[in-house]
Amino acid sequence: MNKKVYKFYVGIDVSKAKLDVALQEENPVLAFSNDEEGIKQLALILPAPSKTLVVMEASGGYEQYSACLLREKGFHVAIVNAKRVRDHAKAEGKLAKTDKLDARLIRRYGQVYQPFAQTQESTLQRDLNDYAKRREQLIKLLTLEKQHQEQASAAMKKKIQRLIRTLEQELEELDQELEGVANQDRQLQGKVKQLVGIKGVGKVTALNVLIGLPELGQLSPKEVAALIGVAPFNKDSGKYKGQRKITGGRKAVRSALYMAVLSAKRFNYAIKAFYERLVAKGKLKKVALIACMRKLIIMMNAMIREGTAWRTPLKRA
């Protein structure tokens with residue numbers, strides 16, 4: 001897919017209260033309030049929507065409101081990874097950091113790398129993302145409390161166990177509500193039905209993969225593996241051959257796949273055979289699990305792209 005080249009690039013540094021906006025390198029950075037009135041004023045001074053790419057860093061969710069309003073006004077908006085912008089700054093030798101400097105830097109990053117503008121989410125998609133995000137938060141809290149429980153005194157264990165039961169109940173209710181919201185989308189229902197045909201993949205796992213990876217079915221095998229962070233990258237230089245490692249990616253999707261693979265390597269013949277073959281070759285179990293996650297997401301991607309159901313391969317004689 002070819003990237004669209006824009007005539008104008010606008011960099012916005014987003015905070016809770018305000019937006020610092022860099023229109024041109026030579027122009028001063030302008031400030032607007034991060035609310036409906038401020039964004040309305042900003043839209044009046046921006047170049048034509050069809051010729052303009054507005055670039056923002058992901059800022060803990062503060063960028064979503066302004067991005068949504070600007071998209072409603074017809075602007076193309078790309079929300080980019082803050083670490084990549086900071087790495088670009090280091091490459092430029094720019095170590096100082098202020099809101100105004102960041103706005104200029106974000107603009108230059110957009111101009112150099114021309115990131116894709118994300119499409120506007122529907123109300124249903126935003127609701128699904130909210131549920132998925134809250135589910136991830138609850139799982140983190142549960143994991144943390146279970147770790148606390150291991151080292152706690154007898155008196156504290158009772159309190160921790162009570163909180164764990166409350167969190168587990170909240171998670172169960174959230175999963176039920178998430179399924180209810182997802183059932184409003186027939187296309188999503190169809191995709192979920194496809195994925196749960198894979199042994200080891202449950203309904204909640206399928207939902208989390210589809211919500212966290214809306215591009216599923218539109219990517220190549222290499223792209224989908226890299227996007228969720230299960231594609232190993234080389235670390236070679238000259239005669240030195242470094243260990244290949246995974247990095248980055250969408251953690252929520254990766255976590256869902258990890259749990260699916262733990263089940264699939266027991267009950268899904270294709271994944272089980274693949275895992276056992278890798279371990280027999282001397283691969284570490286953790287490395288074999290990551291390879292299974294990569295195989296699973298590539299299969300999911302192909303199923304959604306082709307609109308096919310899971311077919312269990314024949315066992316070798």
# chains A, B, ... in the order shown; residues from 1 in each chain; ligands from 1

call {"tool": "select_by_dssp", "arguments": {"residues": "region 20-244 of chain A", "states": "helix (DSSP H, G or I)", "output": "ChimeraX atom specification"}}
result
/A:36-45,49-51,62-72,82-92,99-113,123-151,154-182,186-195,203-212,221-228

call {"tool": "residues_around", "arguments": {"residues": "Arg104 (chain A)", "least_positions_apart": "6", "cutoff": "7 Å", "atoms": "only C-alpha atoms", "output": "ChimeraX atom specification"}}
result
/A:11,22,25

call {"tool": "write_last_selection", "arguments": {"atoms": "N, CA and C atoms", "output": "short mmCIF file (atom, residue, chain, number, x, y, z; two decimals), in the first residue's frame"}}
result
data_model
loop_
_atom_site.label_atom_id
_atom_site.label_comp_id
_atom_site.auth_asym_id
_atom_site.auth_seq_id
_atom_site.Cartn_x
_atom_site.Cartn_y
_atom_site.Cartn_z
N GLY A 11 2.41 19.34 13.38
CA GLY A 11 2.77 18.58 14.57
C GLY A 11 2.07 19.14 15.80
N ALA A 22 2.61 23.08 15.81
CA ALA A 22 3.64 23.57 14.90
C ALA A 22 3.13 23.43 13.48
N GLU A 25 8.04 25.20 10.03
CA GLU A 25 9.29 25.24 10.79
C GLU A 25 9.63 26.66 11.21
#

call {"tool": "select_by_dssp", "arguments": {"residues": "region 39-263 of chain A", "states": "strand (DSSP E)", "output": "MDAnalysis selection string"}}
result
chainID A and resid 52:57 76:80 236:237 240:241

call {"tool": "write_last_selection", "arguments": {"atoms": "C-alpha atoms", "output": "mmCIF file, in the first residue's frame"}}
result
data_model
loop_
_atom_site.group_PDB
_atom_site.id
_atom_site.type_symbol
_atom_site.label_atom_id
_atom_site.label_comp_id
_atom_site.auth_asym_id
_atom_site.auth_seq_id
_atom_site.Cartn_x
_atom_site.Cartn_y
_atom_site.Cartn_z
ATOM 1 C CA THR A 52 -2.868 18.156 5.470
ATOM 2 C CA LEU A 53 -1.583 15.407 7.768
ATOM 3 C CA VAL A 54 -1.945 16.181 11.463
ATOM 4 C CA VAL A 55 0.571 14.203 13.528
ATOM 5 C CA MET A 56 0.237 13.584 17.276
ATOM 6 C CA GLU A 57 2.077 11.431 19.781
ATOM 7 C CA HIS A 76 -6.226 13.157 8.279
ATOM 8 C CA VAL A 77 -4.725 12.399 11.709
ATOM 9 C CA ALA A 78 -1.832 10.043 12.489
ATOM 10 C CA ILE A 79 -1.191 9.068 16.114
ATOM 11 C CA VAL A 80 2.418 7.894 16.375
ATOM 12 C CA ASP A 236 24.258 -9.186 13.196
ATOM 13 C CA SER A 237 27.359 -7.149 12.399
ATOM 14 C CA TYR A 240 29.157 -11.488 14.609
ATOM 15 C CA LYS A 241 25.827 -13.277 14.629
#

call {"tool": "closest_atom_pairs", "arguments": {"of": "region 171-237 of chain A", "to": "region 286-293 of chain A", "cutoff": "9 Å", "atoms": "only C-alpha atoms", "output": "Markdown table"}}
result
| residue | atom | partner | partner_atom | distance |
| --- | --- | --- | --- | --- |
| A:Ala225 | CA | A:Met293 | CA | 8.8 |
| A:Val230 | CA | A:Ile290 | CA | 6.4 |
| A:Ala231 | CA | A:Ala291 | CA | 8.5 |

call {"tool": "decode", "arguments": {"residues": "region 127-155 of chain A", "atoms": "N, CA and C atoms", "output": "CSV table (one decimal), in the first residue's frame"}}
result
chain,number,residue,atom,x,y,z
A,127,ASP,N,-16.3,1.8,22.1
A,127,ASP,CA,-16.8,1.1,23.3
A,127,ASP,C,-16.0,-0.2,23.5
A,128,LEU,N,-15.8,-0.9,22.4
A,128,LEU,CA,-15.0,-2.2,22.4
A,128,LEU,C,-13.6,-2.0,22.9
A,129,ASN,N,-13.0,-0.9,22.4
A,129,ASN,CA,-11.6,-0.6,22.9
A,129,ASN,C,-11.6,-0.2,24.4
A,130,ASP,N,-12.6,0.5,24.8
A,130,ASP,CA,-12.7,0.8,26.3
A,130,ASP,C,-12.8,-0.4,27.1
A,131,TYR,N,-13.6,-1.4,26.7
A,131,TYR,CA,-13.8,-2.6,27.4
A,131,TYR,C,-12.5,-3.4,27.4
A,132,ALA,N,-11.8,-3.5,26.3
A,132,ALA,CA,-10.6,-4.2,26.2
A,132,ALA,C,-9.5,-3.6,27.1
A,133,LYS,N,-9.5,-2.3,27.1
A,133,LYS,CA,-8.5,-1.6,27.9
A,133,LYS,C,-8.7,-1.8,29.4
A,134,ARG,N,-10.0,-1.7,29.8
A,134,ARG,CA,-10.3,-2.0,31.2
A,134,ARG,C,-10.0,-3.4,31.6
A,135,ARG,N,-10.3,-4.3,30.7
A,135,ARG,CA,-10.0,-5.7,31.0
A,135,ARG,C,-8.5,-5.9,31.2
A,136,GLU,N,-7.7,-5.3,30.4
A,136,GLU,CA,-6.2,-5.4,30.6
A,136,GLU,C,-5.8,-4.8,31.9
A,137,GLN,N,-6.4,-3.7,32.3
A,137,GLN,CA,-6.1,-3.1,33.6
A,137,GLN,C,-6.5,-4.0,34.8
A,138,LEU,N,-7.6,-4.7,34.7
A,138,LEU,CA,-8.0,-5.6,35.7
A,138,LEU,C,-7.1,-6.8,35.8
A,139,ILE,N,-6.6,-7.3,34.7
A,139,ILE,CA,-5.7,-8.4,34.7
A,139,ILE,C,-4.4,-8.0,35.4
A,140,LYS,N,-3.9,-6.8,35.1
A,140,LYS,CA,-2.7,-6.3,35.7
A,140,LYS,C,-2.9,-6.2,37.2
A,141,LEU,N,-4.0,-5.7,37.7
A,141,LEU,CA,-4.3,-5.6,39.1
A,141,LEU,C,-4.3,-7.0,39.8
A,142,LEU,N,-5.0,-8.0,39.1
A,142,LEU,CA,-5.0,-9.3,39.6
A,142,LEU,C,-3.7,-9.9,39.7
A,143,THR,N,-2.9,-9.8,38.7
A,143,THR,CA,-1.5,-10.3,38.7
A,143,THR,C,-0.7,-9.7,39.9
A,144,LEU,N,-0.8,-8.4,40.0
A,144,LEU,CA,-0.1,-7.7,41.1
A,144,LEU,C,-0.5,-8.2,42.5
A,145,GLU,N,-1.8,-8.4,42.7
A,145,GLU,CA,-2.3,-8.8,44.0
A,145,GLU,C,-1.9,-10.3,44.3
A,146,LYS,N,-1.9,-11.1,43.3
A,146,LYS,CA,-1.5,-12.5,43.5
A,146,LYS,C,0.0,-12.6,43.8
A,147,GLN,N,0.8,-11.6,43.3
A,147,GLN,CA,2.2,-11.6,43.7
A,147,GLN,C,2.4,-11.1,45.1
A,148,HIS,N,1.5,-10.1,45.5
A,148,HIS,CA,1.6,-9.6,46.9
A,148,HIS,C,1.2,-10.7,47.9
A,149,GLN,N,0.3,-11.6,47.5
A,149,GLN,CA,-0.2,-12.6,48.3
A,149,GLN,C,0.9,-13.6,48.7
A,150,GLU,N,1.8,-13.9,47.8
A,150,GLU,CA,2.8,-14.9,48.0
A,150,GLU,C,3.7,-14.5,49.2
A,151,GLN,N,4.0,-13.2,49.4
A,151,GLN,CA,4.9,-12.8,50.5
A,151,GLN,C,4.1,-12.2,51.7
A,152,ALA,N,2.8,-12.2,51.7
A,152,ALA,CA,2.0,-11.5,52.7
A,152,ALA,C,1.9,-12.4,54.0
A,153,SER,N,1.7,-11.8,55.1
A,153,SER,CA,1.4,-12.5,56.4
A,153,SER,C,0.0,-13.1,56.3
A,154,ALA,N,-0.3,-14.0,57.2
A,154,ALA,CA,-1.6,-14.7,57.2
A,154,ALA,C,-2.8,-13.6,57.3
A,155,ALA,N,-2.6,-12.6,58.1
A,155,ALA,CA,-3.6,-11.6,58.3
A,155,ALA,C,-3.8,-10.8,57.0
